[in-house]
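Content type compact mmCIF, C-alpha atoms, from the file protein.txt:
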```txt
# COMPACT_ATOMS: atom_id res chain seq x y z
CA THR U 154 -13.66 -29.73 57.18
CA LYS U 155 -13.77 -28.84 60.89
CA GLY U 156 -10.54 -28.49 62.82
CA VAL U 157 -9.98 -28.48 66.64
CA LEU U 158 -12.44 -26.46 68.71
CA SER U 159 -10.83 -24.24 71.32
CA GLY U 160 -12.09 -21.84 74.00
CA SER U 161 -14.20 -21.96 77.16
CA GLY U 162 -16.93 -20.15 79.00
CA SER U 163 -18.83 -18.01 76.57
CA THR U 164 -16.30 -17.84 73.67
CA TYR U 165 -15.07 -20.58 71.37
CA THR U 166 -13.25 -20.71 68.00
CA ILE U 167 -13.03 -23.40 65.36
CA PRO U 168 -10.83 -23.52 62.22
CA VAL U 169 -12.52 -24.79 59.07
CA THR U 170 -10.55 -25.95 56.02
CA PRO U 171 -12.53 -25.20 52.83
CA THR U 172 -13.05 -28.12 50.50
CA THR U 173 -13.93 -26.02 47.44
CA GLU U 174 -14.41 -22.48 46.19
CA GLY U 175 -17.56 -20.72 47.37
CA ALA U 176 -19.54 -20.27 50.57
CA VAL U 177 -18.28 -21.96 53.75
CA THR U 178 -21.01 -21.97 56.45
CA VAL U 179 -20.99 -22.67 60.21
CA GLN U 180 -23.94 -23.08 62.63
CA VAL U 181 -24.20 -24.26 66.24
CA PRO U 182 -27.29 -26.46 66.46
CA ALA U 183 -29.65 -26.44 69.43
CA ALA U 184 -28.62 -28.43 72.53
CA ALA U 185 -24.95 -28.42 71.57
CA ALA U 186 -24.02 -26.98 75.01
CA GLN U 187 -25.61 -26.25 78.40
CA ASN U 188 -25.32 -23.45 80.90
CA SER U 189 -24.71 -23.90 84.63
CA PHE U 190 -28.40 -24.74 85.09
CA SER U 191 -28.15 -27.54 82.45
CA THR U 192 -30.26 -25.55 80.06
CA ASP U 193 -29.56 -26.39 76.40
CA ASN U 194 -28.55 -23.61 74.04
CA LEU U 195 -30.75 -22.47 71.27
CA ALA U 196 -29.65 -22.97 67.61
CA SER U 197 -27.31 -20.24 66.47
CA ASN U 198 -27.43 -18.15 63.37
CA THR U 199 -25.75 -19.52 60.21
CA ILE U 200 -22.70 -17.54 59.21
CA SER U 201 -21.27 -17.77 55.69
CA VAL U 202 -17.83 -16.80 54.38
CA ASN U 203 -17.04 -16.86 50.65
CA TYR U 204 -13.83 -18.79 50.08
CA ASP U 205 -12.10 -17.46 46.90
CA THR U 206 -8.57 -18.16 45.72
CA THR U 207 -9.26 -17.52 42.01
CA ALA U 208 -7.47 -14.50 40.57
CA PRO U 209 -9.70 -12.16 38.55
CA THR U 210 -8.91 -11.87 34.86
CA ALA U 211 -8.75 -8.61 32.89
CA THR U 212 -9.66 -8.06 29.23
CA VAL U 213 -8.63 -4.92 27.37
CA THR U 214 -10.80 -3.82 24.43
CA ALA U 215 -9.30 -1.34 21.98
CA PRO U 216 -11.36 1.20 20.01
CA ALA U 217 -12.10 0.47 16.36
CA GLY U 218 -9.24 1.28 14.04
CA PRO U 219 -7.24 2.33 12.32
CA THR U 220 -8.22 5.76 13.52
CA GLN U 221 -7.32 9.46 13.34
CA ASP U 222 -8.80 10.07 16.81
CA THR U 223 -6.30 11.70 19.18
CA SER U 224 -8.27 10.61 22.25
CA LEU U 225 -8.52 6.82 22.35
CA ASN U 226 -10.88 5.02 24.75
CA PHE U 227 -9.71 1.58 25.87
CA GLY U 228 -12.20 -0.58 27.79
CA ILE U 229 -10.97 -2.76 30.69
CA THR U 230 -13.31 -5.50 31.90
CA PHE U 231 -12.57 -7.78 34.88
CA SER U 232 -14.16 -11.16 35.47
CA GLU U 233 -15.41 -9.97 38.88
CA VAL U 234 -15.61 -6.82 40.95
CA VAL U 235 -12.19 -5.39 41.80
CA THR U 236 -10.70 -2.35 43.48
CA GLY U 237 -7.31 -0.65 43.51
CA LEU U 238 -6.79 -0.10 39.77
CA THR U 239 -5.01 3.18 39.01
CA ALA U 240 -3.80 5.00 35.87
CA THR U 241 -0.13 4.46 36.68
CA ALA U 242 2.67 2.64 34.90
CA GLY U 243 2.75 0.12 37.73
CA ASP U 244 -0.83 -0.94 37.02
CA ILE U 245 -1.28 -0.29 33.29
CA GLN U 246 1.33 -0.50 30.54
CA VAL U 247 0.82 1.84 27.57
CA VAL U 248 3.01 1.81 24.42
CA ASN U 249 3.08 4.73 21.94
CA GLY U 250 0.68 6.76 24.02
CA THR U 251 0.12 8.80 27.16
CA MET U 252 -2.37 7.67 29.80
CA GLY U 253 -5.19 10.04 30.61
CA ALA U 254 -8.16 9.63 32.93
CA LEU U 255 -9.20 6.23 34.27
CA THR U 256 -12.91 5.99 35.04
CA GLY U 257 -15.23 3.21 36.16
CA SER U 258 -15.68 0.84 39.09
CA GLY U 259 -16.62 -2.73 39.92
CA ASN U 260 -15.61 -4.83 36.94
CA THR U 261 -15.77 -2.19 34.19
CA TYR U 262 -13.30 0.65 33.56
CA ASN U 263 -12.35 3.04 30.74
CA LEU U 264 -8.88 4.47 30.06
CA VAL U 265 -8.25 7.47 27.78
CA VAL U 266 -4.95 7.36 25.87
CA THR U 267 -3.41 10.11 23.74
CA PRO U 268 -1.27 8.66 20.90
CA SER U 269 2.41 9.62 20.85
CA GLY U 270 3.02 8.84 17.17
CA GLN U 271 1.86 6.94 14.10
CA GLY U 272 1.30 3.20 14.35
CA PRO U 273 -0.03 0.78 16.99
CA VAL U 274 -1.07 2.15 20.39
CA THR U 275 -1.29 -0.68 22.94
CA VAL U 276 -2.64 -1.10 26.48
CA ARG U 277 -2.08 -3.97 28.93
CA VAL U 278 -3.12 -4.39 32.58
CA ASN U 279 -0.26 -5.70 34.68
CA ALA U 280 -0.65 -8.66 37.03
CA GLY U 281 -1.76 -7.64 40.53
CA ALA U 282 -2.97 -4.20 39.43
CA ALA U 283 -6.38 -4.75 41.08
CA GLN U 284 -7.79 -7.04 43.76
CA ASP U 285 -11.11 -8.80 44.27
CA ASN U 286 -13.01 -8.85 47.56
CA ALA U 287 -10.92 -11.79 48.75
CA GLY U 288 -7.68 -9.93 48.06
CA ASN U 289 -6.70 -11.94 45.00
CA GLY U 290 -4.66 -9.89 42.48
CA ASN U 291 -5.64 -10.09 38.83
CA THR U 292 -3.68 -11.99 36.20
CA VAL U 293 -1.99 -10.07 33.37
CA SER U 294 -4.44 -9.03 30.64
CA ASN U 295 -4.30 -9.36 26.90
CA VAL U 296 -2.76 -6.51 24.88
CA GLY U 297 -5.38 -4.21 23.36
CA SER U 298 -4.08 -2.53 20.21
CA VAL U 299 -5.31 0.07 17.72
CA THR U 300 -3.45 1.73 14.86
CA PHE U 301 -3.21 5.51 14.99
CA ASP U 302 -2.93 6.85 11.44
CA THR U 303 -3.13 10.46 10.27
CA VAL U 304 -0.87 10.03 7.20
CA GLY U 305 -2.53 9.97 3.79
CA PRO U 306 -1.82 7.06 1.41
CA THR U 307 0.61 7.65 -1.46
CA PRO U 308 -0.12 6.45 -5.03
CA THR U 309 2.60 5.61 -7.55
CA VAL U 310 1.82 5.36 -11.28
CA THR U 311 3.93 3.11 -13.53
CA VAL U 312 3.91 2.34 -17.26
CA ALA U 313 6.31 1.07 -19.93
CA ALA U 314 8.68 3.79 -21.20
CA THR U 315 7.74 3.21 -24.84
CA THR U 316 4.93 1.10 -26.25
CA ASN U 317 2.92 0.31 -29.34
CA ALA U 318 0.10 -1.21 -27.26
CA ASN U 319 -3.34 0.27 -27.74
CA PRO U 320 -4.81 0.79 -25.22
CA ILE U 321 -1.87 1.54 -22.93
CA ILE U 322 -2.17 -0.05 -19.46
CA PHE U 323 -1.16 2.19 -16.54
CA THR U 324 -0.73 0.63 -13.07
CA ILE U 325 -1.51 2.63 -9.91
CA THR U 326 -0.12 1.27 -6.63
CA PHE U 327 -0.96 2.74 -3.22
CA ASN U 328 1.29 2.16 -0.19
CA GLU U 329 -1.77 0.93 1.75
CA ALA U 330 -5.25 -0.31 0.93
CA VAL U 331 -7.70 2.40 -0.14
CA THR U 332 -11.33 2.78 -1.13
CA GLY U 333 -13.29 5.37 -3.09
CA PHE U 334 -10.87 5.48 -6.02
CA THR U 335 -12.46 6.28 -9.41
CA SER U 336 -11.25 7.17 -12.90
CA GLY U 337 -12.68 10.66 -12.44
CA SER U 338 -9.71 11.53 -10.22
CA LEU U 339 -7.13 10.97 -12.98
CA ASN U 340 -5.36 13.56 -15.12
CA VAL U 341 -4.52 12.24 -18.61
CA THR U 342 -2.86 13.88 -21.62
CA ASN U 343 -2.98 12.65 -25.24
CA GLY U 344 -5.41 9.87 -24.41
CA ALA U 345 -8.82 8.78 -23.18
CA VAL U 346 -9.26 6.63 -20.06
CA GLY U 347 -11.21 3.39 -20.03
CA ALA U 348 -12.65 1.43 -17.09
CA LEU U 349 -10.66 1.42 -13.84
CA SER U 350 -10.16 -2.02 -12.28
CA GLY U 351 -8.56 -3.31 -9.09
CA SER U 352 -8.98 -2.90 -5.34
CA GLY U 353 -6.99 -2.53 -2.15
CA THR U 354 -3.51 -1.30 -3.07
CA THR U 355 -3.37 -2.03 -6.81
CA TYR U 356 -5.39 -0.66 -9.72
CA THR U 357 -5.02 -0.63 -13.52
CA ILE U 358 -6.57 1.58 -16.16
CA PRO U 359 -6.42 1.40 -19.99
CA VAL U 360 -5.74 4.63 -21.88
CA THR U 361 -6.45 4.90 -25.61
CA PRO U 362 -3.83 7.20 -27.20
CA ALA U 363 -5.09 10.19 -29.14
CA GLY U 364 -1.97 10.20 -31.32
CA GLN U 365 1.73 9.45 -31.54
CA GLY U 366 4.02 10.75 -28.81
CA PRO U 367 3.90 11.14 -25.03
CA VAL U 368 0.85 9.89 -23.10
CA THR U 369 0.79 10.85 -19.41
CA LEU U 370 -1.31 9.95 -16.36
CA ALA U 371 -1.35 11.26 -12.77
CA VAL U 372 -3.63 10.73 -9.75
CA GLN U 373 -5.11 13.84 -8.17
CA ALA U 374 -4.83 14.54 -4.43
CA SER U 375 -7.71 13.18 -2.26
CA ALA U 376 -8.59 10.60 -4.93
CA ALA U 377 -8.96 7.79 -2.37
CA GLN U 378 -9.09 7.17 1.38
CA ASP U 379 -7.38 4.67 3.67
CA ALA U 380 -9.12 2.72 6.44
CA ALA U 381 -8.55 5.58 8.90
CA GLY U 382 -10.23 8.06 6.53
CA ASN U 383 -7.06 9.88 5.44
CA ASN U 384 -7.18 11.33 1.92
CA SER U 385 -4.47 10.21 -0.51
CA ASP U 386 -1.66 12.43 -1.75
CA ALA U 387 -1.16 13.38 -5.39
CA SER U 388 0.87 10.84 -7.38
CA ASN U 389 3.82 11.19 -9.70
CA THR U 390 3.14 11.78 -13.39
CA ALA U 391 3.92 8.65 -15.40
CA SER U 392 4.75 9.12 -19.09
CA THR U 393 5.14 6.76 -22.01
CA ILE U 394 5.88 7.31 -25.69
CA PHE U 395 3.16 5.85 -27.89
CA ASP U 396 4.65 4.66 -31.18
CA ASP U 397 2.96 2.29 -33.61
CA VAL U 398 4.85 3.52 -36.69
CA VAL U 399 6.82 0.78 -38.44
CA PRO U 400 10.53 1.61 -38.88
CA THR U 401 11.80 1.67 -42.49
CA CYS U 402 15.23 0.68 -43.80
CA VAL U 403 17.27 1.85 -46.81
CA VAL U 404 20.18 -0.25 -48.13
CA THR U 405 23.08 1.66 -49.70
CA SER U 406 26.65 1.00 -50.82
CA SER U 407 29.55 3.23 -51.87
CA ALA U 408 29.23 2.34 -55.55
CA SER U 409 26.98 0.45 -57.90
CA ALA U 410 30.00 -1.39 -59.33
CA THR U 411 33.36 -2.18 -57.77
CA ASN U 412 36.41 -4.39 -58.04
CA ALA U 413 37.18 -4.03 -54.33
CA GLN U 414 36.23 -6.67 -51.84
CA PRO U 415 34.41 -7.12 -49.61
CA VAL U 416 31.43 -5.22 -50.86
CA VAL U 417 30.17 -3.18 -47.91
CA PHE U 418 26.43 -2.58 -47.57
CA THR U 419 25.00 0.06 -45.21
CA PHE U 420 21.55 -0.30 -43.63
CA THR U 421 19.99 2.94 -42.45
CA PHE U 422 16.77 2.77 -40.39
CA SER U 423 14.30 5.58 -39.88
CA GLU U 424 14.70 5.27 -36.09
CA PRO U 425 16.92 3.31 -33.69
CA VAL U 426 16.33 -0.43 -33.75
CA THR U 427 17.66 -3.52 -32.03
CA GLY U 428 17.72 -7.22 -32.80
CA LEU U 429 19.26 -7.03 -36.29
CA THR U 430 21.64 -9.92 -37.06
CA ALA U 431 23.71 -10.89 -40.09
CA ALA U 432 21.64 -14.06 -40.33
CA ALA U 433 18.50 -12.00 -40.87
CA VAL U 434 19.92 -10.09 -43.87
CA SER U 435 19.18 -11.61 -47.27
CA VAL U 436 22.31 -11.74 -49.49
CA THR U 437 23.00 -13.25 -52.92
CA GLY U 438 26.25 -13.50 -54.88
CA GLY U 439 28.53 -13.57 -51.84
CA THR U 440 29.28 -14.65 -48.28
CA LYS U 441 28.24 -12.48 -45.35
CA GLY U 442 30.79 -11.21 -42.85
CA ALA U 443 30.24 -9.72 -39.38
CA LEU U 444 27.44 -7.21 -38.92
CA SER U 445 28.42 -4.03 -37.06
CA GLY U 446 26.67 -0.89 -35.91
CA SER U 447 23.80 0.11 -33.63
CA GLY U 448 20.86 2.49 -33.38
CA THR U 449 19.92 3.61 -36.87
CA THR U 450 23.02 2.54 -38.84
CA TYR U 451 24.55 -0.89 -39.49
CA THR U 452 27.11 -2.22 -42.02
CA LEU U 453 27.66 -5.66 -43.46
CA PRO U 454 30.68 -6.75 -45.54
CA VAL U 455 29.98 -9.35 -48.25
CA THR U 456 32.73 -11.35 -49.96
CA PRO U 457 31.76 -11.92 -53.61
CA SER U 458 31.51 -15.51 -54.77
CA GLY U 459 33.14 -14.95 -58.18
CA ALA U 460 35.24 -12.62 -60.31
CA LEU U 461 32.25 -11.19 -62.08
CA VAL U 462 29.07 -11.39 -60.04
CA THR U 463 26.15 -9.26 -58.93
CA VAL U 464 26.00 -9.03 -55.14
CA THR U 465 22.64 -8.11 -53.58
CA ALA U 466 21.50 -7.31 -50.06
CA GLU U 467 18.10 -6.75 -48.53
CA VAL U 468 16.72 -6.46 -44.95
CA PRO U 469 13.48 -8.49 -44.79
CA GLN U 470 10.41 -7.39 -42.85
CA GLY U 471 10.58 -8.17 -39.12
CA SER U 472 14.39 -8.38 -38.90
CA ALA U 473 14.64 -5.65 -36.22
CA SER U 474 12.35 -3.73 -33.86
CA ASP U 475 12.18 -0.22 -32.47
CA ALA U 476 11.87 0.68 -28.76
CA ALA U 477 8.10 0.31 -28.91
CA GLY U 478 8.34 -3.18 -30.38
CA ASN U 479 7.35 -2.29 -33.95
CA LEU U 480 9.02 -4.59 -36.51
CA ASN U 481 10.67 -3.04 -39.55
CA ALA U 482 9.19 -3.04 -43.04
CA ASP U 483 11.01 -4.62 -46.01
CA SER U 484 13.96 -2.59 -47.23
CA ASN U 485 14.88 -2.02 -50.85
CA GLN U 486 17.06 -4.64 -52.54
CA LEU U 487 20.41 -3.17 -53.60
CA SER U 488 22.60 -4.74 -56.30
CA VAL U 489 26.34 -4.06 -56.69
CA LEU U 490 28.33 -5.42 -59.64
CA TYR U 491 31.56 -6.99 -58.50
CA ASP U 492 34.04 -7.17 -61.45
CA THR U 493 37.72 -8.07 -61.29
CA GLN U 494 38.06 -9.21 -64.91
CA ALA U 495 40.40 -7.01 -66.92
CA PRO U 496 38.80 -5.72 -70.14
CA SER U 497 40.27 -7.18 -73.39
CA ALA U 498 40.97 -5.11 -76.53
CA THR U 499 40.45 -6.32 -80.13
CA VAL U 500 42.01 -4.48 -83.08
CA THR U 501 40.36 -4.86 -86.50
CA ALA U 502 42.09 -3.94 -89.81
CA PRO U 503 40.43 -2.42 -92.88
CA ALA U 504 39.84 -4.54 -95.94
CA ALA U 505 42.88 -5.15 -98.31
CA THR U 506 43.33 -2.59 -101.13
CA ALA U 507 45.82 -1.84 -103.96
CA ALA U 508 45.53 1.82 -103.59
CA ARG U 509 48.26 3.58 -101.77
CA GLN U 510 46.63 5.52 -99.09
CA PRO U 511 47.02 5.71 -95.35
CA LEU U 512 45.67 2.76 -93.47
```
Write out the structure in this file as structure tokens.
Amino acid sequence: TKGVLSGSGSTYTIPVTPTTEGAVTVQVPAAAAQNSFSTDNLASNTISVNYDTTAPTATVTAPAGPTQDTSLNFGITFSEVVTGLTATAGDIQVVNGTMGALTGSGNTYNLVVTPSGQGPVTVRVNAGAAQDNAGNGNTVSNVGSVTFDTVGPTPTVTVAATTNANPIIFTITFNEAVTGFTSGSLNVTNGAVGALSGSGTTYTIPVTPAGQGPVTLAVQASAAQDAAGNNSDASNTASTIFDDVVPTCVVTSSASATNAQPVVFTFTFSEPVTGLTAAAVSVTGGTKGALSGSGTTYTLPVTPSGALVTVTAEVPQGSASDAAGNLNADSNQLSVLYDTQAPSATVTAPAATAARQPL
């Protein structure tokens, strides 16, 4: 929109208020003015000025990651041609890295960053860091980020301390997602590995024991790689005791016959067990008391139900289990005669006789 024309003689000026972004043009048409001889002017040239109040935008593109690269190239793209961008903290903000060379021109630039430590390295272009041809400063950019990672993943192997399972399931957990992991990178003792399953951070593998006793598994170094290409460290060695032998139990008492009460029965297992209760013990001829003991040895007092009675005790199959979960086999059945009746004596005389002789 034209404003007020000013000037005289050969020079005039006119302000124009732009109505939109883009080219604003001015031309003096023919016969708009006359000289002192009343001769009309010729048409002027058309002059154009680009009116631009839109701030350029900046987009930061990070390199692919995670990465082990110690020289990271961040791309910076502006929405239009700009000038004035420099590799300084005032123009570009870098976290966990040191700015190197800034190259490029127009709307495309590249910034080299050297990582300072493990983890995300970020780049952001500050507002007003560069200007377009109209002098508009750019708006603040997005944050470009890439993870710098030169630390190998760590595997941890876990398994139950004691088991009767066959096969035994070992679990392998990495502290980050990995690829390339195979069963060929495992060290196993007293067993044979089956098919490895899992992905990412968690894997499982069945191991068939070769015999009773310890079964161990460890992951070799460089068995897998993380997304940055770092080889994994060696794992711990996980060990379990394989035991599928059923515990046995022998019932004993201090005597096979007694007049003392209660009658005390002792249960001796072939290995430590848990879960045994007085309710599980089979008793006849008396009333059970409180079961005591632990590990391999337990005792149970039984109060006889009469003055002369046979008291028996037996530990049935499945009354207790060992550390591997094996249930016990049937014990023997032990009988103890409880007798508090005093013995009676009967005297018998010889047949009557007339002879005098000692009787």
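Here CA of Gln187 in chain U is placed at a distance of 10.8 Å from CA of Ser163 in chain U.
Minimum atom-to-atom distances from U:Ala460, U:Ala473, U:Val312, U:Val341 to Ala432 in chain U were compared using all atoms listed in the file, and the lowest value belongs to U:Ala473.
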Using only C-alpha atoms, collect all residues at a distance of at most 6 Å from (-9.9, 6.4, 26.1) as written in the file, then present them as a list of chain:residue names.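 Within 6 Å of (-9.9, 6.4, 26.1), the protein and nucleic acid residues are U:Ser224, U:Leu225, U:Asn226, U:Phe227, U:Leu264, U:Val265, U:Val266.
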Close residues, range 166-168 of chain U itself excluded, 6 Å, all atoms listed in the file, min 6 positions apart in chain, as a ChimeraX atom specification: /U:156,158-159
Using all atoms listed in the file for the distances, tell me which of U:Val436, U:Val213, U:Val310, U:Leu349 is nearest to Gly297 in chain U. U:Val213
Could you give me, as a PyMOL selection string, the residues that have an atom at most 10 Å away from the point (-20.3, -14.7, 55.7) in the coordinates of the file, using all atoms listed in the file? chain U and resi 176-179+199-204
Which distance in Å separates CA of Asn188 in chain U and CA of Ser161 in chain U, to one decimal?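 Straight-line distance from CA of Asn188 in chain U to CA of Ser161 in chain U works out to 11.8 Å.
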In Å, rounded to a single decimal, give me how far CA of Ala211 in chain U is from CA of Thr267 in chain U. 21.5 Å
